[in-house]
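**Student:** Sharing a structure with you now.
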Amino acid sequence: MAGQDNTSDDRTPGAFPPPSRRRVLRLAGGGLALAALSAGTVGCEEDAVEVEEPGSAGGDAPKGGGEGSGDGGGEKGQAPKPLWTKPTSAETYGDNDELVAAGGVVIASGSPLAALDAATGEQKWSLPGGAVPGAPLLLGKDTLYLASSDYDGSVIGYAPASGKETWRSRLGKEYRQPQPIAVDEEQVYVVAEILEKDGSSKTNVIAALNNTTGRIAWKEQRDVGTEQNGIHAAVRGRHLVYTDFKKNLTVRDTASGGQVWTHKTTKTNYGFFTVHQDLVIVPQGNVLQAFNLADGKEKWSLEASDGALFREPAVLEDVLYVADSARTMWAVDPRTGKQLWKSGALADAGLQVPRQYVKAGDTLYGATDLDKQGGIIAIDARTGAVRWTFNDKTGDYHAWLVATDGKHVFALHGKKLHALPV
């Protein structure tokens, strides 16, 4: 179909490790498969919280366990002790939108969906149906948007502080399992399966819902072979940007839904990108590329050294942070691609490469995939130096997730949620 997403599923791993098992299952499976997986997952036992030595893989950094100093680090380079640790009903698949903090609470994707007080860890409210496995927790316009756990075709908005329903919309009976993927000041963007007469689905639709009235602003059918699961999306002004495992980066007009442009991504990009002002920045193997949102033209590119491949990028407070497969951290001006600093501290300490970042004060907090040589890594945002590493030593195979409300750093690992002081 002209003007729609291109499709391709030819993908081979490069020097990147492939996506985690949990993430692949999230992206590949539908709701029933994911629910079955979740039902078979064994929860972690409630252990005493310990902090792993950052240098355990070859470095000589001190062990953690000191009290937080209030500046993103503990005493003498040690990790701060958690303010609280709570068991959760978390059912996460390794994506960054499964742990959120807003309205004085922190919420991890799960069933029931529970909101914990950010300061104390006490439960503030819960939703019995919980979050749909594999669907994001989407925050925008002081609202938490969720796919309906009743699987009735609804998308629902809740007040994060109270859990009260504030908004609801439906695409219609001809669509199944709508999932919100992005939100701006006026619209919620969703993807849903288009039902055939026999109840099957071969295609899906992308649509915009007015986030005041719930009415459909526009909807566009995507090509056969495109996926409705595993989409990463962002909105900037008149541009909705998204990608999935089909190696396509697509930009649509938020007013009409019309496709503006699409580019192929490399075999080593698993759908991750970041946006800044009028640019979308994409890791493409050993090159980081920035494209103009308006026309898809390349604005700048940055090449990693020694054949290393760039990992997941993030723009925080007007600085682009990204690591490569050689465990080098980069800080880059997202407007120009100019390198601000480059650090080998991760490699020196024998640590894993972060795949998600948040920032509080002058500290960058990175969350890693693997447990033993990772966890939550506190990095000096001005130099790239590693300050400390927090690890609960459970050995749980889930990816770490991190979120912040500016006062706390929340670290989710399996079914344990830790609150660390900033």
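Here, A, B, ... name the chains of the structure tokens in the order displayed, residue numbers run from 1 inside each chain, and ligands are numbered from 1 in the same displayed order.
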Within 12 Å of segment 330-349 of chain A, which residues of segment 258-286 of chain A show up? Give each one with its shortest atom-to-atom distance in Å (one decimal) and the two atoms involved, counting only C-alpha atoms, rows by chain then rising residue number, as CSV.
**Tutor:**
```
residue,atom,partner,partner_atom,distance
A:Thr274,CA,A:Pro334,CA,9.8
A:Val275,CA,A:Pro334,CA,8.8
A:His276,CA,A:Pro334,CA,6.7
A:Gln277,CA,A:Arg335,CA,8.2
A:Asp278,CA,A:Arg335,CA,8.9
A:Leu279,CA,A:Arg335,CA,7.8
A:Val280,CA,A:Pro334,CA,9.4
A:Ile281,CA,A:Pro334,CA,8.0
A:Val282,CA,A:Pro334,CA,11.3
```
**Student:** Check which residues of segment 279-357 of chain A sit at most 12 Å from segment 93-115 of chain A using only C-alpha atoms, and return one row each with the closest pair of atoms and their distance in Å to one decimal, ordered by chain and rising number, as CSV.
**Tutor:**
```
residue,atom,partner,partner_atom,distance
A:Glu312,CA,A:Asn96,CA,10.7
A:Ala314,CA,A:Asn96,CA,11.3
A:Pro354,CA,A:Asn96,CA,11.7
A:Arg355,CA,A:Asn96,CA,8.7
A:Gln356,CA,A:Asn96,CA,6.7
A:Tyr357,CA,A:Asn96,CA,9.1
```
**Student:** What does the structure give for the distance between atom CA of Gly258 of chain A and atom CA of Gly199 of chain A, in Å to one decimal?
**Tutor:** 27.7 Å
**Student:** Quick check, in Å to one decimal: how far apart do atom CA of Ala182 of chain A and atom CA of Thr266 of chain A lie?
**Tutor:** 23.5 Å
**Student:** Any idea what's packed within 7 Å of segment 286-292 of chain A, counting only C-alpha atoms, ignoring anything in its chain fewer than 4 positions away? Could you give it as a count of residues only?
**Tutor:** 18
**Student:** For each of A:His413, A:Lys81, A:Lys247, A:Arg236, take the minimum atom-to-atom distance to Gly374 of chain A, counting only C-alpha atoms, then give the residue where this is smallest.
**Tutor:**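 When distances to Gly374 of chain A are compared using only C-alpha atoms, the smallest one comes from A:His413.
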**Student:** For atom CA of Ile379 of chain A and atom CA of Ala399 of chain A, determine how far apart the two atoms are, in Å to one decimal place.
**Tutor:**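 Answer for the atom CA of Ile379 of chain A to atom CA of Ala399 of chain A separation: 18.7 Å.
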**Student:** Can you check which residues of segment 130-371 of chain A DSSP gives as strand (DSSP E or B) on the backbone and send them as a ChimeraX atom specification?
**Tutor:** /A:138-140,143-147,154-158,165-170,175-183,187-195,201-210,216-221,232-236,239-243,248-253,259-264,274-276,279-284,287-292,298-303,310,314-316,319-324,329-332,339-343,354-360,363-368
**Student:** Measuring between only C-alpha atoms, which one of A:Ala234, A:Leu195, A:Leu316, A:Val358 shows the shortest distance to Gln221 of chain A?
**Tutor:**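 Among A:Ala234, A:Leu195, A:Leu316, A:Val358, it is A:Leu195 that comes nearest to Gln221 of chain A.
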**Student:** Got a sec: who's within 7 Å of His263 of chain A, counting only C-alpha atoms, leaving out chain neighbours fewer than 6 positions off, as a list in words?
**Tutor:**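 So the residues in contact are Asn248, Leu249 and Thr250 of chain A.
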**Student:** Suppose we keep N, CA, C and O atoms; can you now write the selection as a compact mmCIF listing (two decimals), in the first residue's frame?
**Tutor:**
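Written out: selection-v7.txt:
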```
# COMPACT_ATOMS: atom_id res chain seq x y z
N ASN A 248 12.20 -0.70 10.14
CA ASN A 248 11.71 0.54 9.56
C ASN A 248 11.57 1.61 10.62
O ASN A 248 11.01 1.35 11.69
N LEU A 249 12.09 2.78 10.35
CA LEU A 249 11.85 3.96 11.17
C LEU A 249 10.85 4.82 10.40
O LEU A 249 11.11 5.22 9.27
N THR A 250 9.69 5.06 11.00
CA THR A 250 8.59 5.72 10.30
C THR A 250 8.19 7.00 11.01
O THR A 250 8.13 7.04 12.23
```
**Student:** Write out as a list in words which residues come within 10 Å of Ile377 of chain A when counting only C-alpha atoms, dropping same-chain ones fewer than 3 positions away.
**Tutor:** Pro54, Ala79, Leu346, Leu351, Gln352, Val353, Pro354, Tyr357, Thr363, Leu364, Tyr365, Gly366, Ala367, Thr368, Gly374, Asp380, Val386, Arg387, Trp388, Thr389, Phe390 and Asn391 of chain A
**Student:** Considering only C-alpha atoms, can you say which of A:Thr120, A:Thr226, A:Ser325, A:Thr213 comes closest to Val188 of chain A?
**Tutor:**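 So, comparing all the options, the nearest one is A:Thr213.
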**Student:** Quick one: of A:Ser169, A:Pro178, A:Pro160, A:Gln259, who's nearest to Val132 of chain A, counting only C-alpha atoms?
**Tutor:** A:Pro178
